[in-house]
Structure formats: C-alpha cells, structure tokens
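So this one's input-v3.cif, mmCIF, C-alpha atoms and all ligand atoms:
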data_coords
#
loop_
_atom_site.label_atom_id
_atom_site.label_comp_id
_atom_site.auth_asym_id
_atom_site.auth_seq_id
_atom_site.Cartn_x
_atom_site.Cartn_y
_atom_site.Cartn_z
CA MET A 10 -4.02 -16.29 -7.61
CA ALA A 11 -0.88 -14.30 -6.86
CA THR A 12 0.53 -12.50 -9.88
CA ALA A 13 4.28 -12.15 -10.47
CA GLY A 14 4.06 -8.58 -9.18
CA THR A 15 2.39 -9.77 -6.00
CA SER A 16 5.00 -12.40 -5.23
CA GLU A 17 7.75 -9.82 -5.69
CA ALA A 18 5.81 -7.39 -3.51
CA LEU A 19 5.62 -10.04 -0.80
CA ARG A 20 9.40 -10.05 -0.60
CA ALA A 21 9.56 -6.34 0.24
CA SER A 22 10.62 -5.11 3.67
CA VAL A 23 8.72 -2.81 5.96
CA LEU A 24 10.40 -0.54 8.51
CA VAL A 25 8.72 -0.63 11.92
CA LEU A 26 8.79 2.36 14.25
CA ASN A 27 7.86 2.16 17.89
CA ARG A 28 5.10 4.34 19.30
CA LEU A 29 7.62 7.17 19.72
CA TYR A 30 8.58 7.08 16.02
CA VAL A 31 11.95 5.43 16.60
CA ALA A 32 12.96 2.79 14.03
CA VAL A 33 13.11 -0.55 15.83
CA HIS A 34 12.67 -3.40 13.33
CA VAL A 35 12.43 -4.48 9.75
CA VAL A 36 9.68 -7.01 9.00
CA GLY A 37 8.35 -8.82 5.96
CA VAL A 38 5.13 -7.89 4.20
CA ARG A 39 3.01 -10.70 5.70
CA ARG A 40 4.03 -9.73 9.23
CA ALA A 41 3.37 -6.07 8.41
CA PHE A 42 -0.18 -6.76 7.26
CA GLY A 43 -0.68 -8.99 10.29
CA LEU A 44 0.24 -6.07 12.56
CA LEU A 45 -2.08 -3.75 10.63
CA LEU A 46 -5.03 -6.14 10.63
CA GLY A 47 -4.51 -6.83 14.34
CA GLU A 48 -4.69 -3.07 14.96
CA LEU A 49 -1.23 -3.24 16.54
CA ALA A 50 0.24 -0.82 14.02
CA GLU A 51 -0.66 1.93 11.59
CA VAL A 52 0.84 2.96 8.26
CA ILE A 53 3.05 6.04 8.20
CA HIS A 54 3.07 7.36 4.68
CA ASP A 55 5.29 10.08 3.29
CA GLU A 56 3.19 12.45 1.24
CA GLU A 57 5.65 14.89 -0.29
CA GLY A 58 7.46 15.56 2.95
CA ALA A 59 4.44 15.43 5.25
CA PHE A 60 3.56 12.24 7.10
CA ALA A 61 0.10 10.80 7.26
CA ASN A 62 -1.10 7.97 9.52
CA TYR A 63 -3.52 5.32 8.26
CA THR A 64 -5.38 2.42 9.85
CA PHE A 65 -5.70 -0.70 7.72
CA ASP A 66 -9.14 0.33 6.43
CA ALA A 67 -8.03 3.86 5.64
CA TRP A 68 -4.94 2.52 3.89
CA ARG A 69 -7.06 0.16 1.81
CA GLU A 70 -9.32 3.02 0.77
CA TRP A 71 -6.36 5.21 0.00
CA SER A 72 -4.86 2.38 -2.08
CA GLU A 73 -8.07 2.15 -4.11
CA ILE A 74 -7.83 5.82 -4.97
CA ARG A 75 -4.16 5.51 -5.89
CA ALA A 76 -4.44 2.26 -7.87
CA ASP A 77 -4.63 4.15 -11.17
CA ALA A 78 -1.52 6.20 -10.49
CA LYS A 79 1.06 3.71 -9.23
CA SER A 80 4.66 4.81 -8.96
CA PRO A 81 7.27 2.39 -10.36
CA HIS A 82 8.95 2.06 -6.97
CA ASP A 83 5.77 1.03 -5.16
CA ASP A 84 4.79 -2.57 -4.50
CA TRP A 85 1.19 -3.68 -4.74
CA ILE A 86 -0.60 -6.80 -3.63
CA ARG A 87 -3.68 -8.04 -5.40
CA ALA A 88 -6.16 -9.83 -3.15
CA VAL A 89 -9.33 -11.52 -4.37
CA ASN A 90 -11.37 -8.38 -4.83
CA PHE A 91 -9.10 -5.48 -4.08
CA GLU A 92 -5.58 -4.22 -4.52
CA ILE A 93 -3.50 -2.73 -1.75
CA GLN A 94 -0.18 -0.94 -1.72
CA VAL A 95 2.58 -2.39 0.44
CA PRO A 96 3.35 0.20 3.10
CA ARG A 97 7.01 1.09 3.58
CA VAL A 98 6.79 2.25 7.19
CA LEU A 99 4.59 1.13 10.08
CA ARG A 100 4.30 2.53 13.57
CA LEU A 101 3.51 0.27 16.49
CA LEU A 102 0.64 1.62 18.55
CA ARG A 103 1.51 0.05 21.90
CA TYR A 104 5.25 -0.36 21.99
CA ASP A 105 7.55 2.41 23.09
CA ARG A 106 10.67 0.67 24.28
CA MET A 107 13.84 1.98 22.70
CA PRO A 108 15.67 -0.29 20.28
CA ARG A 109 18.47 -2.48 21.53
CA ARG A 110 21.60 -0.35 21.60
CA ALA A 111 24.05 -2.86 20.21
CA VAL A 112 23.52 -4.19 16.71
CA ARG A 113 23.43 -7.97 16.90
CA LEU A 114 26.30 -9.77 15.19
CA SER A 115 25.17 -12.20 12.51
CA ARG A 116 26.32 -13.45 9.15
CA HIS A 117 23.58 -11.43 7.48
CA ALA A 118 24.56 -8.26 9.36
CA ILE A 119 28.26 -8.62 8.50
CA LEU A 120 27.46 -9.09 4.82
CA ALA A 121 25.24 -6.00 5.00
CA ARG A 122 27.91 -3.95 6.79
CA ASP A 123 30.48 -4.92 4.14
CA GLY A 124 27.98 -4.30 1.33
CA ASN A 125 28.50 -7.89 0.08
CA ARG A 126 32.01 -6.89 -0.89
CA CYS A 127 34.87 -9.32 -0.25
CA GLN A 128 37.11 -7.40 2.13
CA TYR A 129 40.24 -8.79 0.47
CA CYS A 130 39.71 -8.52 -3.29
CA GLY A 131 37.04 -5.83 -3.04
CA ARG A 132 34.62 -7.49 -5.44
CA ARG A 133 30.90 -7.85 -4.79
CA PHE A 134 29.27 -11.27 -4.59
CA PRO A 135 25.82 -12.70 -3.92
CA ASP A 136 25.25 -13.95 -0.35
CA ALA A 137 25.80 -17.59 -1.25
CA GLN A 138 29.29 -16.92 -2.61
CA LEU A 139 30.56 -15.18 0.51
CA SER A 140 31.89 -16.68 3.67
CA LEU A 141 32.75 -15.14 7.01
CA ASP A 142 36.43 -14.74 7.72
CA HIS A 143 38.04 -14.28 11.12
CA VAL A 144 40.78 -11.75 10.33
CA ILE A 145 42.90 -13.18 13.15
CA PRO A 146 41.99 -16.87 12.88
CA ARG A 147 40.20 -18.50 15.80
CA SER A 148 43.06 -20.99 16.04
CA LEU A 149 45.31 -18.03 16.90
CA GLY A 150 42.91 -16.66 19.48
CA GLY A 151 40.89 -14.40 17.15
CA MET A 152 37.42 -13.63 18.50
CA SER A 153 34.04 -13.60 16.82
CA THR A 154 33.54 -9.86 17.04
CA TRP A 155 32.58 -7.09 14.63
CA GLU A 156 36.20 -5.93 14.66
CA ASN A 157 37.60 -9.36 13.77
CA MET A 158 35.08 -10.59 11.21
CA VAL A 159 34.65 -9.66 7.57
CA CYS A 160 33.04 -11.20 4.55
CA ALA A 161 35.34 -12.85 2.04
CA CYS A 162 34.76 -14.54 -1.29
CA LEU A 163 35.41 -18.26 -1.41
CA LYS A 164 38.58 -17.81 -3.44
CA CYS A 165 40.12 -15.30 -1.02
CA ASN A 166 38.99 -17.38 1.94
CA VAL A 167 40.75 -20.47 0.61
CA ARG A 168 43.82 -18.45 -0.24
CA LYS A 169 44.04 -16.98 3.23
CA GLY A 170 43.47 -20.31 4.97
CA GLY A 171 44.19 -20.34 8.70
CA ARG A 172 46.62 -17.44 8.52
CA THR A 173 46.61 -13.79 9.49
CA PRO A 174 46.37 -11.30 6.59
CA ARG A 175 50.05 -10.50 7.06
CA GLU A 176 51.07 -14.16 6.90
CA ALA A 177 48.92 -14.65 3.82
CA ARG A 178 50.16 -11.36 2.32
CA MET A 179 46.61 -10.17 1.87
CA LYS A 180 45.32 -6.72 2.71
CA LEU A 181 41.93 -5.75 4.01
CA ILE A 182 40.23 -3.05 1.94
CA GLY A 183 38.89 -1.44 5.12
CA LYS A 184 39.06 -1.75 8.88
CA PRO A 185 36.18 -3.85 10.23
CA PHE A 186 34.01 -1.92 12.69
CA ARG A 187 31.02 -2.23 14.96
CA PRO A 188 28.14 -0.42 13.23
CA LYS A 189 26.04 2.08 15.16
CA ARG A 190 22.89 1.41 13.12
CA SER A 191 21.54 -1.88 11.92
CA PRO A 192 23.40 -2.49 8.64
CA LEU A 193 20.32 -4.28 7.35
CA MET A 194 18.38 -1.03 7.58
CA LEU A 195 21.21 1.02 6.08
CA MET A 196 21.61 -1.36 3.14
CA LYS A 197 18.01 -0.80 2.09
CA LEU A 198 18.71 2.91 1.75
CA HIS A 199 20.61 2.19 -1.47
CA ASN A 200 17.36 1.00 -3.00
CA PRO A 201 15.08 3.75 -4.37
CA LYS A 202 12.10 1.77 -3.05
CA TYR A 203 13.10 2.51 0.51
CA GLN A 204 13.88 6.22 0.35
CA SER A 205 11.01 6.91 2.74
CA TRP A 206 13.00 5.04 5.46
CA ARG A 207 15.77 7.58 5.36
CA ILE A 208 14.24 10.17 7.63
CA TRP A 209 13.46 7.55 10.30
CA ILE A 210 16.94 6.02 10.21
CA GLU A 211 19.10 9.07 9.67
CA GLY A 212 16.91 11.62 11.38
CA PRO A 213 15.54 14.88 9.97
CA HIS A 214 17.56 16.83 7.47
CA ARG A 215 20.43 18.72 9.09
CA MET A 216 19.18 21.94 7.54
CA ASP A 217 16.31 22.00 10.06
CA ALA A 218 18.67 21.79 13.01
CA GLN A 219 20.78 24.56 11.55
CA ASP A 220 17.75 26.74 10.94
CA ASP A 221 16.76 26.30 14.58
CA ALA A 222 20.26 27.26 15.67
CA ASN A 223 20.15 30.37 13.50
CA VAL A 224 16.80 31.36 14.91
CA SER A 225 17.99 31.04 18.49
CA LEU A 226 21.22 32.89 17.66
CA ALA A 227 19.21 35.67 16.07
CA SER A 228 16.89 35.92 19.04
CA SER A 229 19.75 35.96 21.55
CA ALA A 230 21.41 38.74 19.47
CA LEU A 231 18.14 40.64 19.70
CA ASP A 232 18.08 40.13 23.46
CA ASP A 233 21.58 41.57 23.73
CA GLU A 234 20.57 44.58 21.66
CA SER A 235 17.54 45.24 23.75
CA LEU A 236 19.58 44.85 26.92
CA ARG A 237 22.13 47.37 25.72
CA SER A 238 19.58 49.93 24.69
CA ALA A 239 17.72 49.47 27.99
ZN ZN B 301 37.83 -12.00 -2.62
#
Before anything else, please render the file you have as structure tokens.
Ligand SMILES: [Zn+2]
Amino acid sequence: MATAGTSEALRASVLVLNRLYVAVHVVGVRRAFGLLLGELAEVIHDEEGAFANYTFDAWREWSEIRADAKSPHDDWIRAVNFEIQVPRVLRLLRYDRMPRRAVRLSRHAILARDGNRCQYCGRRFPDAQLSLDHVIPRSLGGMSTWENMVCACLKCNVRKGGRTPREARMKLIGKPFRPKRSPLMLMKLHNPKYQSWRIWIEGPHRMDAQDDANVSLASSALDDESLRSA
C-alpha cells in the first residue's frame, strides 16, 4: 500500500513545541500523527511568515486543497482514500513544562554536534563508520563528558589507540564543547526540508528585536524633547 514516497515521508522528523511554543522534542511521523489524532497536539504551519494552527481534521482538509501544488521539500503520506502532508511542527496542547536545560549526552548527540566529522582527520563519515573517542582515554582518568568525547573515524581511532592526542601526535580539529541546544535539532537545520524549524529553535529574527529597541529609543528621545520644552 505504501508508495516509495510514503515510506520516505515516514522517516521525516517533526519538531514538537510545548503549549508555550518552546521547542521541546523531535518525534517521528507516526508519533506525530498519534499526537494529532489523540487531540494532544495541533499542527503549526508556516504560511509565508505567518503561523497557522490546525487540528487533525483541518490539516487533512488543508492537505486536500494543497495536494495539487506540492512543494519539492514537503513530505506526503498516502492513506487508503486520502493524502496528507507531513507536518513539520506540532504544538502540544496540554504540556507547558520547559525543556530540560542540559542536552543529554549520547552517541547520536555527539555525532550530531560534530556534524559526523572525524575530529582528527576532519572527514565526514556515515554513522556506522564513526566511533566515540575519549580524548583523554578512560584508562588515564578521562571522563565521559561532552568536553572529553568526540567522534572519530575507525582509522583515526585505531591509530590513536589508548593514548592522548599529544602522545599519538594527533590534533583535534576543534575543541569539544557542551552544546546549548540539542544538536539533533540543529543538525536538521542544514536540510531545506526543516527550514520552518529555524524560528522555533533560534528564535525570531534579530531584526525584530533591533526594531523594538529603535522604537523605544525614539520614544525616549521624544520624551526628553517634550520634557525640555515643558
Ligand atoms: Zn579520521
């Protein structure tokens, strides 16, 4: 039943915002539709800079209208008798806790932080060809922390062995760091499919903040003028 397009669409990711529009999770498409059908979430859709909210039924109707004018970066799922676009962003209707402050350390997150680039030779590799390297080896007291773990290709990992970079005469291409945002979310921003995540992850365009500042500066200047002439 599922077409090739549908199975690819099912592998897409959906950004989940809490009730207060703060990005809290990334979920798969099945989970996203489960949340929508269970009326636990709504679709937030970017319509040329303005955001519209849709229930599942409204989103399905909207998808029907749009089905003839699909954009190449959109994913669609064909069900038995209708077609529906995969939403990129959902908002939970009953959950307003703030996201966990610290980004959880995992193999997946380290690979994402390092952009799948071996931190010794600087080349990119698929997940399966990368291993995690303790910069200061565990045998020498190195800890499993963001600051002491990097991804390394198998060749570099073997070459380094149980030594420090200095002992192995290998140099890191960058200093490992603890990311402020989930690297998994940030990595998706390189993909044109997920451009609509940007505003939720990076916040509104800086221009807006500056405009506000200019407005308040202008109004305080006015106040001073009026005070002086009073
Ligand atoms: Zn390497």
What does the list of residues within 6 Å of ligand ZN 301 (chain B) look like if you count all atoms listed in the file, written as a PyMOL selection string? chain A and resi 127+129-130+161-162+164-165
Given all atoms listed in the file as the counted atoms, nearest of A:Leu44, A:Arg207, A:Glu56, A:Tyr63 to A:Leu195: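 So, comparing all the options, the nearest one is A:Arg207.
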Dig up all the protein and nucleic acid residues within 12 Å of (18.5, -2.9, 0.6) in the file frame, using only C-alpha atoms, and format them as a PDB file with C-alpha atoms, keeping the file's coordinate frame.
ATOM      1  CA  ARG A  20       9.400 -10.050  -0.600  1.00  0.00           C
ATOM      2  CA  ALA A  21       9.560  -6.340   0.240  1.00  0.00           C
ATOM      3  CA  SER A  22      10.620  -5.110   3.670  1.00  0.00           C
ATOM      4  CA  VAL A  23       8.720  -2.810   5.960  1.00  0.00           C
ATOM      5  CA  LEU A  24      10.400  -0.540   8.510  1.00  0.00           C
ATOM      6  CA  VAL A  35      12.430  -4.480   9.750  1.00  0.00           C
ATOM      7  CA  ALA A 118      24.560  -8.260   9.360  1.00  0.00           C
ATOM      8  CA  LEU A 120      27.460  -9.090   4.820  1.00  0.00           C
ATOM      9  CA  ALA A 121      25.240  -6.000   5.000  1.00  0.00           C
ATOM     10  CA  ARG A 122      27.910  -3.950   6.790  1.00  0.00           C
ATOM     11  CA  GLY A 124      27.980  -4.300   1.330  1.00  0.00           C
ATOM     12  CA  ASN A 125      28.500  -7.890   0.080  1.00  0.00           C
ATOM     13  CA  SER A 191      21.540  -1.880  11.920  1.00  0.00           C
ATOM     14  CA  PRO A 192      23.400  -2.490   8.640  1.00  0.00           C
ATOM     15  CA  LEU A 193      20.320  -4.280   7.350  1.00  0.00           C
ATOM     16  CA  MET A 194      18.380  -1.030   7.580  1.00  0.00           C
ATOM     17  CA  LEU A 195      21.210   1.020   6.080  1.00  0.00           C
ATOM     18  CA  MET A 196      21.610  -1.360   3.140  1.00  0.00           C
ATOM     19  CA  LYS A 197      18.010  -0.800   2.090  1.00  0.00           C
ATOM     20  CA  LEU A 198      18.710   2.910   1.750  1.00  0.00           C
ATOM     21  CA  HIS A 199      20.610   2.190  -1.470  1.00  0.00           C
ATOM     22  CA  ASN A 200      17.360   1.000  -3.000  1.00  0.00           C
ATOM     23  CA  PRO A 201      15.080   3.750  -4.370  1.00  0.00           C
ATOM     24  CA  LYS A 202      12.100   1.770  -3.050  1.00  0.00           C
ATOM     25  CA  TYR A 203      13.100   2.510   0.510  1.00  0.00           C
ATOM     26  CA  GLN A 204      13.880   6.220   0.350  1.00  0.00           C
ATOM     27  CA  TRP A 206      13.000   5.040   5.460  1.00  0.00           C
ATOM     28  CA  ARG A 207      15.770   7.580   5.360  1.00  0.00           C
TER      29      ARG A 207
END
Can you tell me how far atom CA of A:Val112 sits from atom CA of A:Trp155, in Å to one decimal?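 Separating atom CA of A:Val112 from atom CA of A:Trp155 is a distance of 9.7 Å.
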Calculated over all atoms listed in the file, which of the candidates A:Glu57, A:Glu48, A:Glu73, A:Asp136 has the smallest distance to A:Arg87?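 Smallest separation from A:Arg87 among the options: A:Glu73.
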Would you work out the distance separating atom CA of A:Ala41 from atom CA of A:Trp85, expressed in Å to one decimal?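 Taking atom CA of A:Ala41 and atom CA of A:Trp85, their separation equals 13.5 Å.
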Enter the distance from atom CA of A:Arg116 to atom CA of A:Pro135, in Å, rounded to one decimal.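 It comes out at 13.1 Å.
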